>>> print(open('final.cif').read())   # mmCIF, C-alpha atoms
data_final
loop_
_atom_site.label_atom_id
_atom_site.label_comp_id
_atom_site.auth_asym_id
_atom_site.auth_seq_id
_atom_site.Cartn_x
_atom_site.Cartn_y
_atom_site.Cartn_z
CA MET U 1 -7.06 -17.01 8.98
CA GLY U 2 -4.79 -13.97 8.73
CA GLU U 3 -1.45 -15.81 8.83
CA ARG U 4 -2.53 -18.26 6.14
CA PHE U 5 -3.89 -15.67 3.73
CA VAL U 6 -1.76 -13.01 2.02
CA ASN U 7 -3.55 -10.32 0.05
CA PHE U 8 -2.24 -8.41 -2.97
CA MET U 9 0.42 -5.88 -1.90
CA GLY U 10 0.94 -7.88 1.30
CA GLY U 11 3.64 -10.34 2.24
CA SER U 12 6.41 -7.76 2.91
CA PRO U 13 8.97 -9.78 0.91
CA LEU U 14 12.05 -7.67 1.71
CA ASN U 15 14.32 -8.10 4.70
CA ARG U 16 14.03 -4.51 5.86
CA LEU U 17 17.24 -4.65 7.93
CA SER U 18 15.82 -2.06 10.29
CA TRP U 19 18.79 -2.30 12.66
CA LEU U 20 21.05 -1.05 9.83
CA ARG U 21 18.99 2.04 9.01
CA PRO U 22 21.16 4.29 11.24
CA SER U 23 24.37 2.93 9.66
CA TYR U 24 25.50 5.57 7.18
CA SER U 25 28.59 3.49 6.31
CA PHE U 26 26.43 0.52 5.28
CA LEU U 27 23.98 2.66 3.33
CA ASN U 28 26.63 4.65 1.46
CA ALA U 29 28.27 1.36 0.50
CA VAL U 30 25.12 -0.48 -0.55
CA ILE U 31 23.88 2.41 -2.70
CA THR U 32 26.85 1.89 -5.01
CA SER U 33 26.28 -1.86 -5.37
CA PRO U 34 25.63 -2.94 -8.99
CA ALA U 35 22.77 -5.08 -7.66
CA THR U 36 20.90 -2.12 -6.10
CA ARG U 37 17.59 -1.13 -7.68
CA TRP U 38 15.54 2.07 -7.37
CA ILE U 39 11.81 2.73 -7.51
CA LEU U 40 10.99 6.25 -8.66
CA PHE U 41 7.87 8.30 -7.93
CA ASN U 42 6.86 11.71 -9.18
CA ASP U 43 4.41 13.24 -6.71
CA GLY U 44 3.20 9.74 -5.89
CA LEU U 45 3.05 8.48 -9.47
CA PRO U 46 5.29 5.41 -9.96
CA LEU U 47 7.66 5.02 -12.89
CA ILE U 48 6.25 2.16 -14.95
CA ALA U 49 7.94 0.15 -17.70
CA THR U 50 5.64 -0.80 -20.59
CA HIS U 51 6.74 -3.44 -23.09
CA ALA U 52 6.51 -2.08 -26.62
CA ILE U 53 4.99 -5.23 -28.16
CA THR U 54 2.96 -6.91 -25.41
CA GLN U 55 2.02 -3.65 -23.64
CA LYS U 56 2.60 -5.48 -20.37
CA ARG U 57 3.37 -3.11 -17.51
CA THR U 58 5.64 -3.57 -14.55
CA LEU U 59 7.34 -1.43 -11.95
CA ALA U 60 10.53 0.14 -13.35
CA LEU U 61 13.55 -0.94 -11.29
CA LEU U 62 16.52 1.26 -12.14
CA PRO U 63 20.20 0.72 -11.27
CA THR U 64 22.06 3.33 -9.25
CA ASP U 65 24.04 4.54 -12.27
CA ASP U 66 20.78 5.65 -13.93
CA VAL U 67 19.52 7.63 -10.93
CA ARG U 68 22.85 9.01 -9.69
CA PRO U 69 22.21 12.46 -11.25
CA LEU U 70 19.05 12.70 -9.12
CA LEU U 71 20.83 11.98 -5.84
CA GLY U 72 23.23 14.90 -5.62
CA ILE U 73 26.81 14.77 -4.41
CA GLY U 74 27.96 12.00 -2.09
CA PRO U 75 28.26 10.91 0.59
CA TYR U 76 24.51 10.43 0.45
CA PHE U 77 24.11 9.83 4.18
CA VAL U 78 25.96 11.21 7.20
CA LEU U 79 25.82 10.42 10.93
CA GLU U 80 22.67 8.40 11.87
CA ALA U 81 22.02 8.06 8.13
CA ALA U 82 20.84 11.67 8.02
CA ARG U 83 19.98 13.18 4.66
CA LEU U 84 20.56 16.92 5.05
CA HIS U 85 20.43 18.03 1.41
CA GLY U 86 18.72 16.90 -1.77
CA THR U 87 15.69 14.74 -2.31
CA ARG U 88 15.04 12.27 0.51
CA ILE U 89 16.19 8.70 0.00
CA VAL U 90 14.45 5.72 1.59
CA PHE U 91 16.12 2.35 2.04
CA LEU U 92 13.40 -0.27 1.61
CA GLY U 93 15.33 -3.44 2.34
CA LEU U 94 17.02 -6.43 0.76
CA LYS U 95 15.50 -9.10 -1.47
CA GLU U 96 17.46 -12.09 -0.27
CA ALA U 97 18.66 -14.73 -2.69
CA ASP U 98 17.47 -17.40 -0.27
CA PRO U 99 15.45 -16.04 2.69
CA LEU U 100 15.60 -19.39 4.50
CA THR U 101 19.41 -19.54 4.63
CA ALA U 102 20.38 -15.86 4.40
CA ALA U 103 22.76 -14.36 6.95
CA ALA U 104 21.28 -12.17 9.68
CA LEU U 105 23.67 -9.28 8.80
CA PRO U 106 24.28 -8.02 12.34
CA SER U 107 25.67 -4.52 12.76
CA SER U 108 28.95 -5.99 14.00
CA ASP U 109 29.64 -7.34 10.51
CA PHE U 110 30.13 -3.86 9.10
CA LYS U 111 33.63 -3.02 10.24
CA ASP U 112 34.43 -2.97 6.51
CA PRO U 113 31.12 -2.05 4.83
CA GLN U 114 32.50 -2.14 1.28
CA ALA U 115 33.77 -5.69 1.71
CA THR U 116 30.54 -6.82 3.35
CA VAL U 117 28.36 -5.27 0.65
CA ALA U 118 30.53 -6.79 -2.06
CA SER U 119 29.75 -10.25 -0.70
CA LEU U 120 26.06 -9.47 -0.11
CA GLU U 121 23.70 -11.94 -1.79
CA GLY U 122 20.48 -10.34 -2.93
CA THR U 123 19.03 -7.11 -4.29
CA PRO U 124 18.93 -3.92 -2.18
CA PHE U 125 15.99 -1.60 -2.89
CA PHE U 126 15.72 2.18 -2.47
CA THR U 127 13.05 4.71 -3.42
CA ILE U 128 12.83 8.45 -4.03
CA ASP U 129 10.13 10.91 -5.10
CA VAL U 130 11.51 13.29 -7.73
CA ALA U 131 8.70 15.85 -7.65
CA ASP U 132 10.91 18.59 -6.17
CA LEU U 133 13.68 18.13 -8.72
CA GLU U 134 13.99 19.99 -12.02
CA ASP U 135 11.82 18.43 -14.73
CA ALA U 136 14.67 18.42 -17.23
CA LEU U 137 16.92 16.51 -14.82
CA VAL U 138 14.27 13.87 -14.19
CA LYS U 139 13.40 13.56 -17.89
CA ASP U 140 17.05 13.11 -18.83
CA ALA U 141 17.56 10.39 -16.20
CA VAL U 142 14.48 8.49 -17.37
CA GLN U 143 15.48 8.76 -21.04
CA THR U 144 19.00 7.59 -20.23
CA SER U 145 17.60 4.53 -18.48
CA GLN U 146 15.17 3.83 -21.31
CA ARG U 147 17.97 3.83 -23.90
CA THR U 148 19.48 0.74 -22.25
CA ASP U 149 16.40 -1.29 -23.29
CA SER U 150 14.64 -0.23 -26.49
CA SER U 151 11.86 -2.78 -25.95
CA ILE U 152 10.26 -0.72 -23.16
CA THR U 153 8.98 2.78 -22.57
CA LEU U 154 9.16 4.47 -19.18
CA ASN U 155 6.43 6.77 -17.91
CA PHE U 156 5.09 8.00 -14.58
CA MET U 157 1.57 6.61 -14.28
CA ASP U 158 -1.46 6.75 -11.98
CA SER U 159 -0.78 4.40 -9.06
CA ARG U 160 -4.14 2.66 -8.93
CA THR U 161 -4.10 2.01 -12.67
CA ALA U 162 -0.55 0.73 -12.60
CA MET U 163 -0.84 -1.57 -9.59
CA THR U 164 -3.35 -3.92 -11.22
CA SER U 165 -0.67 -5.13 -13.64
CA LEU U 166 2.03 -5.77 -11.03
CA ASP U 167 3.10 -9.23 -9.94
CA VAL U 168 2.89 -10.32 -6.31
CA PHE U 169 6.48 -9.37 -5.43
CA THR U 170 6.62 -5.95 -7.08
CA ALA U 171 3.15 -5.09 -5.73
CA ALA U 172 4.34 -5.68 -2.17
CA VAL U 173 7.52 -3.64 -2.68
CA PHE U 174 5.44 -0.91 -4.36
CA ALA U 175 3.18 -0.71 -1.28
CA GLU U 176 6.14 -0.09 1.03
CA ALA U 177 7.85 2.30 -1.37
CA ARG U 178 4.83 4.48 -2.11
CA SER U 179 3.84 4.92 1.52
CA MET U 180 7.38 5.82 2.55
CA ALA U 181 8.02 8.17 -0.37
CA ASP U 182 4.71 9.90 0.30
CA TRP U 183 5.39 10.29 4.04
CA ASN U 184 8.79 11.85 3.42
CA ARG U 185 7.43 14.21 0.78
CA ARG U 186 4.44 15.38 2.84
CA ASN U 187 6.26 16.06 6.09
CA LYS U 188 8.69 18.84 5.26
CA PHE U 189 8.08 20.89 8.39
CA CYS U 190 7.98 19.98 12.07
CA PRO U 191 4.42 20.13 13.47
CA ALA U 192 5.79 21.16 16.89
CA CYS U 193 7.99 24.14 15.99
CA GLY U 194 7.47 24.70 12.26
CA SER U 195 11.14 24.27 11.35
CA PRO U 196 12.15 22.39 8.20
CA THR U 197 12.70 18.69 8.80
CA PHE U 198 15.42 16.39 7.53
CA SER U 199 15.39 12.62 7.32
CA LEU U 200 17.34 10.18 9.51
CA TRP U 201 17.69 6.42 9.43
CA ALA U 202 17.56 6.28 5.63
CA GLY U 203 14.17 7.95 5.43
CA TRP U 204 12.51 6.16 8.36
CA LYS U 205 12.69 9.01 10.87
CA LEU U 206 12.31 12.80 10.70
CA SER U 207 13.96 15.43 12.87
CA CYS U 208 14.44 19.20 13.06
CA THR U 209 16.28 21.69 15.23
CA PRO U 210 15.99 20.95 18.99
CA CYS U 211 12.34 21.23 20.01
CA PRO U 212 9.71 19.16 21.87
CA SER U 213 9.52 16.74 18.93
CA GLY U 214 12.95 15.44 19.86
CA ARG U 215 11.97 14.32 23.35
CA GLY U 216 10.41 10.91 23.75
CA THR U 217 8.70 8.92 21.01
CA GLN U 218 6.47 11.20 18.97
CA ASN U 219 4.14 9.90 16.30
CA PHE U 220 5.20 12.61 13.87
CA CYS U 221 8.86 11.49 13.98
CA TYR U 222 8.10 8.08 12.52
CA PRO U 223 6.04 6.85 9.56
CA ARG U 224 2.36 6.50 10.31
CA THR U 225 0.00 3.75 9.29
CA ASP U 226 -3.74 4.41 9.53
CA PRO U 227 -5.82 1.30 10.31
CA VAL U 228 -9.11 0.82 8.46
CA VAL U 229 -11.60 -1.95 9.21
CA ILE U 230 -13.48 -3.46 6.27
CA MET U 231 -16.35 -5.86 6.89
CA VAL U 232 -18.02 -8.53 4.77
CA ILE U 233 -21.50 -8.40 6.31
CA LEU U 234 -23.70 -6.64 3.77
CA LEU U 235 -22.79 -4.65 0.66
CA GLY U 236 -23.09 -0.91 0.27
CA ARG U 237 -22.95 1.62 -2.50
CA ASN U 238 -21.13 4.90 -1.85
CA LYS U 239 -22.47 8.00 -3.59
CA ARG U 240 -19.17 8.32 -5.50
CA PHE U 241 -19.17 4.75 -6.83
CA PRO U 242 -19.68 3.93 -10.53
CA SER U 243 -23.03 2.59 -11.65
CA LYS U 244 -24.16 -0.68 -10.02
CA PHE U 245 -20.94 -0.97 -8.00
CA TYR U 246 -21.26 -2.38 -4.46
CA SER U 247 -18.55 -3.17 -1.94
CA ALA U 248 -17.89 -4.16 1.65
CA LEU U 249 -18.33 -1.37 4.20
CA ALA U 250 -15.20 0.20 5.69
CA GLY U 251 -14.08 2.94 8.03
CA PHE U 252 -11.11 4.29 9.97
CA VAL U 253 -10.42 3.07 13.47
CA GLU U 254 -10.94 5.96 15.91
CA PRO U 255 -8.99 6.74 19.10
CA GLY U 256 -10.09 4.63 22.05
CA GLU U 257 -11.43 1.80 19.88
CA SER U 258 -10.40 -1.78 19.35
CA TYR U 259 -10.75 -3.15 15.83
CA GLU U 260 -13.86 -5.03 16.90
CA ASP U 261 -15.34 -1.82 18.32
CA ALA U 262 -14.72 -0.06 15.01
CA VAL U 263 -16.46 -2.83 13.05
CA LYS U 264 -19.56 -2.54 15.22
CA ARG U 265 -19.61 1.26 15.14
CA GLU U 266 -19.11 1.54 11.37
CA MET U 267 -21.83 -1.01 10.62
CA TRP U 268 -24.27 0.89 12.82
CA GLU U 269 -23.34 4.36 11.53
CA GLU U 270 -23.38 3.47 7.83
CA ALA U 271 -26.15 0.87 7.63
CA GLY U 272 -28.01 0.90 10.94
CA VAL U 273 -27.10 -2.77 11.46
CA ARG U 274 -26.04 -4.31 14.78
CA VAL U 275 -23.37 -7.03 14.51
CA TRP U 276 -21.71 -9.52 16.82
CA ASN U 277 -19.28 -12.47 16.60
CA VAL U 278 -16.65 -10.24 14.95
CA ARG U 279 -13.84 -12.30 13.39
CA TYR U 280 -10.57 -11.23 11.78
CA HIS U 281 -9.80 -12.56 8.29
CA SER U 282 -6.67 -10.90 6.86
CA GLY U 283 -5.01 -7.57 6.19
CA GLN U 284 -3.85 -5.59 3.18
CA PRO U 285 -1.44 -2.65 2.96
CA TRP U 286 -3.15 0.12 0.99
CA PRO U 287 -0.57 2.81 0.15
CA PHE U 288 -3.00 5.63 -0.69
CA PRO U 289 -1.30 7.07 1.17
CA ALA U 290 -0.61 4.80 4.19
CA ASN U 291 -3.61 2.71 5.21
CA LEU U 292 -3.72 -0.82 6.57
CA MET U 293 -6.97 -2.51 5.60
CA LEU U 294 -8.09 -5.00 8.25
CA GLY U 295 -10.63 -7.48 6.97
CA PHE U 296 -13.37 -8.80 9.24
CA SER U 297 -16.56 -10.81 9.13
CA ALA U 298 -19.38 -10.68 11.64
CA THR U 299 -22.86 -11.98 12.25
CA ALA U 300 -25.99 -9.85 11.78
CA ASP U 301 -29.74 -10.30 11.49
CA SER U 302 -30.52 -9.96 7.77
CA SER U 303 -34.23 -9.57 8.53
CA ALA U 304 -33.59 -6.32 10.43
CA PRO U 305 -34.18 -3.05 8.54
CA ILE U 306 -31.24 -1.25 6.91
CA ARG U 307 -30.78 2.47 7.54
CA THR U 308 -28.47 4.68 5.50
CA ASP U 309 -29.79 7.96 6.92
CA LEU U 310 -27.58 8.07 10.02
CA ASP U 311 -24.34 9.41 8.52
CA ASN U 312 -25.69 9.57 4.93
CA GLU U 313 -22.44 8.18 3.55
CA LEU U 314 -24.11 5.42 1.54
CA GLU U 315 -26.52 5.81 -1.33
CA ASP U 316 -27.75 2.25 -0.84
CA ALA U 317 -27.01 -0.91 1.17
CA ARG U 318 -28.37 -4.39 0.53
CA TRP U 319 -28.26 -8.01 1.54
CA TYR U 320 -27.28 -10.42 -1.24
CA THR U 321 -27.59 -14.20 -1.18
CA ARG U 322 -24.65 -16.48 -1.72
CA GLU U 323 -26.10 -17.54 -5.09
CA GLU U 324 -26.38 -13.92 -6.25
CA VAL U 325 -22.79 -13.17 -5.34
CA LEU U 326 -21.51 -16.33 -7.02
CA ALA U 327 -23.39 -15.35 -10.19
CA VAL U 328 -21.66 -11.96 -10.18
CA LEU U 329 -18.28 -13.62 -9.68
CA ALA U 330 -18.94 -15.91 -12.63
CA HIS U 331 -19.85 -12.98 -14.88
CA GLN U 332 -17.07 -11.57 -17.06
CA ALA U 333 -17.75 -8.00 -15.94
CA GLY U 334 -18.69 -8.82 -12.35
CA ASN U 335 -15.45 -7.88 -10.62
CA GLN U 336 -13.49 -5.96 -13.20
CA PRO U 337 -11.99 -2.65 -12.01
CA ALA U 338 -14.83 -0.15 -12.20
CA THR U 339 -14.68 3.49 -13.28
CA ASN U 340 -17.26 6.23 -13.50
CA SER U 341 -16.73 6.29 -17.26
CA ASP U 342 -17.43 2.56 -17.66
CA GLU U 343 -19.66 2.20 -20.72
CA SER U 344 -19.48 -1.58 -21.09
CA VAL U 345 -22.11 -3.53 -22.97
CA LYS U 346 -25.49 -3.29 -21.27
CA GLU U 347 -26.71 -6.67 -22.47
CA ALA U 348 -26.77 -9.38 -19.79
CA GLU U 349 -25.11 -7.20 -17.20
CA PRO U 350 -24.46 -8.73 -13.77
CA LEU U 351 -26.86 -7.98 -10.94
CA PHE U 352 -24.21 -5.67 -9.50
CA LYS U 353 -20.47 -5.11 -9.77
CA MET U 354 -17.91 -5.65 -7.03
CA PRO U 355 -14.22 -4.91 -6.37
CA PRO U 356 -11.50 -6.94 -8.13
CA PRO U 357 -9.37 -9.55 -6.31
CA THR U 358 -6.52 -7.05 -6.00
CA ALA U 359 -8.61 -5.27 -3.32
CA ILE U 360 -9.34 -6.93 0.01
CA ALA U 361 -13.03 -6.08 -0.38
CA GLY U 362 -13.21 -8.33 -3.44
CA VAL U 363 -11.32 -11.07 -1.59
CA LEU U 364 -13.63 -10.97 1.43
CA ILE U 365 -16.78 -11.09 -0.68
CA LYS U 366 -15.45 -14.02 -2.73
CA GLN U 367 -14.28 -15.88 0.38
CA TRP U 368 -17.73 -15.55 1.93
CA ALA U 369 -19.56 -16.59 -1.25
CA GLU U 370 -17.42 -19.72 -1.61
CA GLY U 371 -18.06 -20.74 2.00
CA ASN U 372 -14.55 -20.06 3.30
CA ILE U 373 -15.73 -17.67 6.01
CA LYS U 374 -17.50 -19.57 8.76
CA TYR U 375 -19.93 -18.38 11.41
CA ASP U 376 -20.62 -20.03 14.74
CA HIS U 377 -24.03 -18.52 15.40
CA GLY U 378 -26.68 -16.32 13.91
CA THR U 379 -28.43 -15.82 10.61
CA LYS U 380 -26.56 -17.26 7.62
CA GLY U 381 -26.84 -17.25 3.86
CA SER U 382 -26.84 -13.61 2.78
CA LEU U 383 -24.70 -10.51 2.74
#
>>> encode(input="final.cif", output="structure tokens")
Amino acid sequence: MGERFVNFMGGSPLNRLSWLRPSYSFLNAVITSPATRWILFNDGLPLIATHAITQKRTLALLPTDDVRPLLGIGPYFVLEAARLHGTRIVFLGLKEADPLTAAALPSSDFKDPQATVASLEGTPFFTIDVADLEDALVKDAVQTSQRTDSSITLNFMDSRTAMTSLDVFTAAVFAEARSMADWNRRNKFCPACGSPTFSLWAGWKLSCTPCPSGRGTQNFCYPRTDPVVIMVILLGRNKRFPSKFYSALAGFVEPGESYEDAVKREMWEEAGVRVWNVRYHSGQPWPFPANLMLGFSATADSSAPIRTDLDNELEDARWYTREEVLAVLAHQAGNQPATNSDESVKEAEPLFKMPPPTAIAGVLIKQWAEGNIKYDHGTKGSL
């Protein structure tokens, strides 16, 4: 089902033009394009535009002229698109005007980068994290940008709060931007020799002075993505969850495991349940900071006892019938974003609360309840 189902923050809508990342001539030219837009973070918090009247929020997309004071003196990239001074810049890719007919943009086209960029059809995207810059400089740049549109206010906001109001396109770009900005900000020193690092390839590679990290392909030279399996089999309640909140079980994939192995291990460790017939459903980028959620279903015996005393991660785990889950989905408060401070009306509360559709856990539970996840064998009818 994975290719037919795209979760929130998925879809990767930009042409990332990875073969042009080492091209400093292309990047220095495209940065100056009037079409270029920037996504700003401040220690991981995205800059969000809030409409003054409707209070609708969206990701702030700033032109280069507004962020130029934050970039330092040009040229912004040198050989191999290295960034040796100033805050690190990440080239995210190009939103093509028509992805079905867009040119491939081979490297050979860039004998005259300025001319090529001038005829480029689409919107290039970059991102930076401004946390290491002077507060006054950042504040001035944001205020300057805000003055161009008096109908909005610009503020850095909690990522998880902000993402629920994003549309499908900006959510997907946000996922790429936040993970890349976070990776560049966290990895300031080489883990092999301890020397300061600098970025190459427009923020997609890190290097330092000559040391073992420069020989071969090392996983600390390139951005990392941490795979997490999440399973719609039964529902569990973590000790940190808000009241009555239940979700699908999840866990990191460990070295030496396939995804299917991880599903089986996590179900046993967290709930004492043996599963088989493991099936992939879909994936979701989860940029907190750089996870890839991999959704699965599996078959289990719902008459077998549940144990949460093995790794003691869960406070409770339960089987729910399809009818019970559908009733929660139909309830107004059933899958609203939950918080520990949620003091919603107690009258006629749902049986439990579950994740919203912006999280793959909520999608998997809903897909199962509506009969869209099929099983070939085994006990059916409950989570």
>>> atom_distance(input="final.cif", atom1="CA of Arg37 in chain U", atom2="CA of Gln284 in chain U")
24.4 Å
>>> atom_distance(input="final.cif", atom1="CA of Leu364 in chain U", atom2="CA of Pro305 in chain U")
23.1 Å
>>> residues_around(input="final.cif", residues="range 358-360 of chain U", least_positions_apart="2", cutoff="9 Å", atoms="all atoms listed in the file", output="PDB file with C-alpha atoms, in the coordinates of the input")
ATOM      1  CA  ASN U   7      -3.550 -10.320   0.050  1.00  0.00           C
ATOM      2  CA  PHE U   8      -2.240  -8.410  -2.970  1.00  0.00           C
ATOM      3  CA  MET U   9       0.420  -5.880  -1.900  1.00  0.00           C
ATOM      4  CA  MET U 163      -0.840  -1.570  -9.590  1.00  0.00           C
ATOM      5  CA  THR U 164      -3.350  -3.920 -11.220  1.00  0.00           C
ATOM      6  CA  ILE U 230     -13.480  -3.460   6.270  1.00  0.00           C
ATOM      7  CA  SER U 282      -6.670 -10.900   6.860  1.00  0.00           C
ATOM      8  CA  GLY U 283      -5.010  -7.570   6.190  1.00  0.00           C
ATOM      9  CA  GLN U 284      -3.850  -5.590   3.180  1.00  0.00           C
ATOM     10  CA  TRP U 286      -3.150   0.120   0.990  1.00  0.00           C
ATOM     11  CA  MET U 293      -6.970  -2.510   5.600  1.00  0.00           C
ATOM     12  CA  LEU U 294      -8.090  -5.000   8.250  1.00  0.00           C
ATOM     13  CA  GLY U 295     -10.630  -7.480   6.970  1.00  0.00           C
ATOM     14  CA  PRO U 355     -14.220  -4.910  -6.370  1.00  0.00           C
ATOM     15  CA  PRO U 356     -11.500  -6.940  -8.130  1.00  0.00           C
ATOM     16  CA  GLY U 362     -13.210  -8.330  -3.440  1.00  0.00           C
ATOM     17  CA  VAL U 363     -11.320 -11.070  -1.590  1.00  0.00           C
ATOM     18  CA  LEU U 364     -13.630 -10.970   1.430  1.00  0.00           C
ATOM     19  CA  ILE U 365     -16.780 -11.090  -0.680  1.00  0.00           C
TER      20      ILE U 365
END
>>> residues_around(input="final.cif", residues="range 245-258 of chain U", least_positions_apart="3", cutoff="6 Å", atoms="only C-alpha atoms", output="list of chain:residue names")
U:Pro227, U:Val228, U:Val229, U:Ile230, U:Met231, U:Val232, U:Leu235, U:Gly236, U:Arg237, U:Pro242, U:Asp261, U:Ala262, U:Phe352, U:Lys353, U:Met354, U:Ala361
>>> closest_residue(input="final.cif", among="U:Thr209, U:Asn372, U:Thr153, U:Gln143", to="Leu59 in chain U", atoms="all atoms listed in the file")
U:Thr153
>>> residues_around(input="final.cif", residues="Leu40 in chain U", least_positions_apart="6", cutoff="6 Å", atoms="only C-alpha atoms", output="number ranges by chain")
U: 46-47, 127-129
>>> write_last_selection(input="final.cif", atoms="C-alpha atoms", output="PDB file, keeping the file's coordinate frame")
ATOM      1  CA  PRO U  46       5.290   5.410  -9.960  1.00  0.00           C
ATOM      2  CA  LEU U  47       7.660   5.020 -12.890  1.00  0.00           C
ATOM      3  CA  THR U 127      13.050   4.710  -3.420  1.00  0.00           C
ATOM      4  CA  ILE U 128      12.830   8.450  -4.030  1.00  0.00           C
ATOM      5  CA  ASP U 129      10.130  10.910  -5.100  1.00  0.00           C
TER       6      ASP U 129
END
>>> atom_distance(input="final.cif", atom1="CA of Leu61 in chain U", atom2="CA of Val142 in chain U")
11.3 Å
>>> closest_residue(input="final.cif", among="U:Val117, U:Leu292, U:Ala300, U:Leu206", to="Gly10 in chain U", atoms="only C-alpha atoms")
U:Leu292
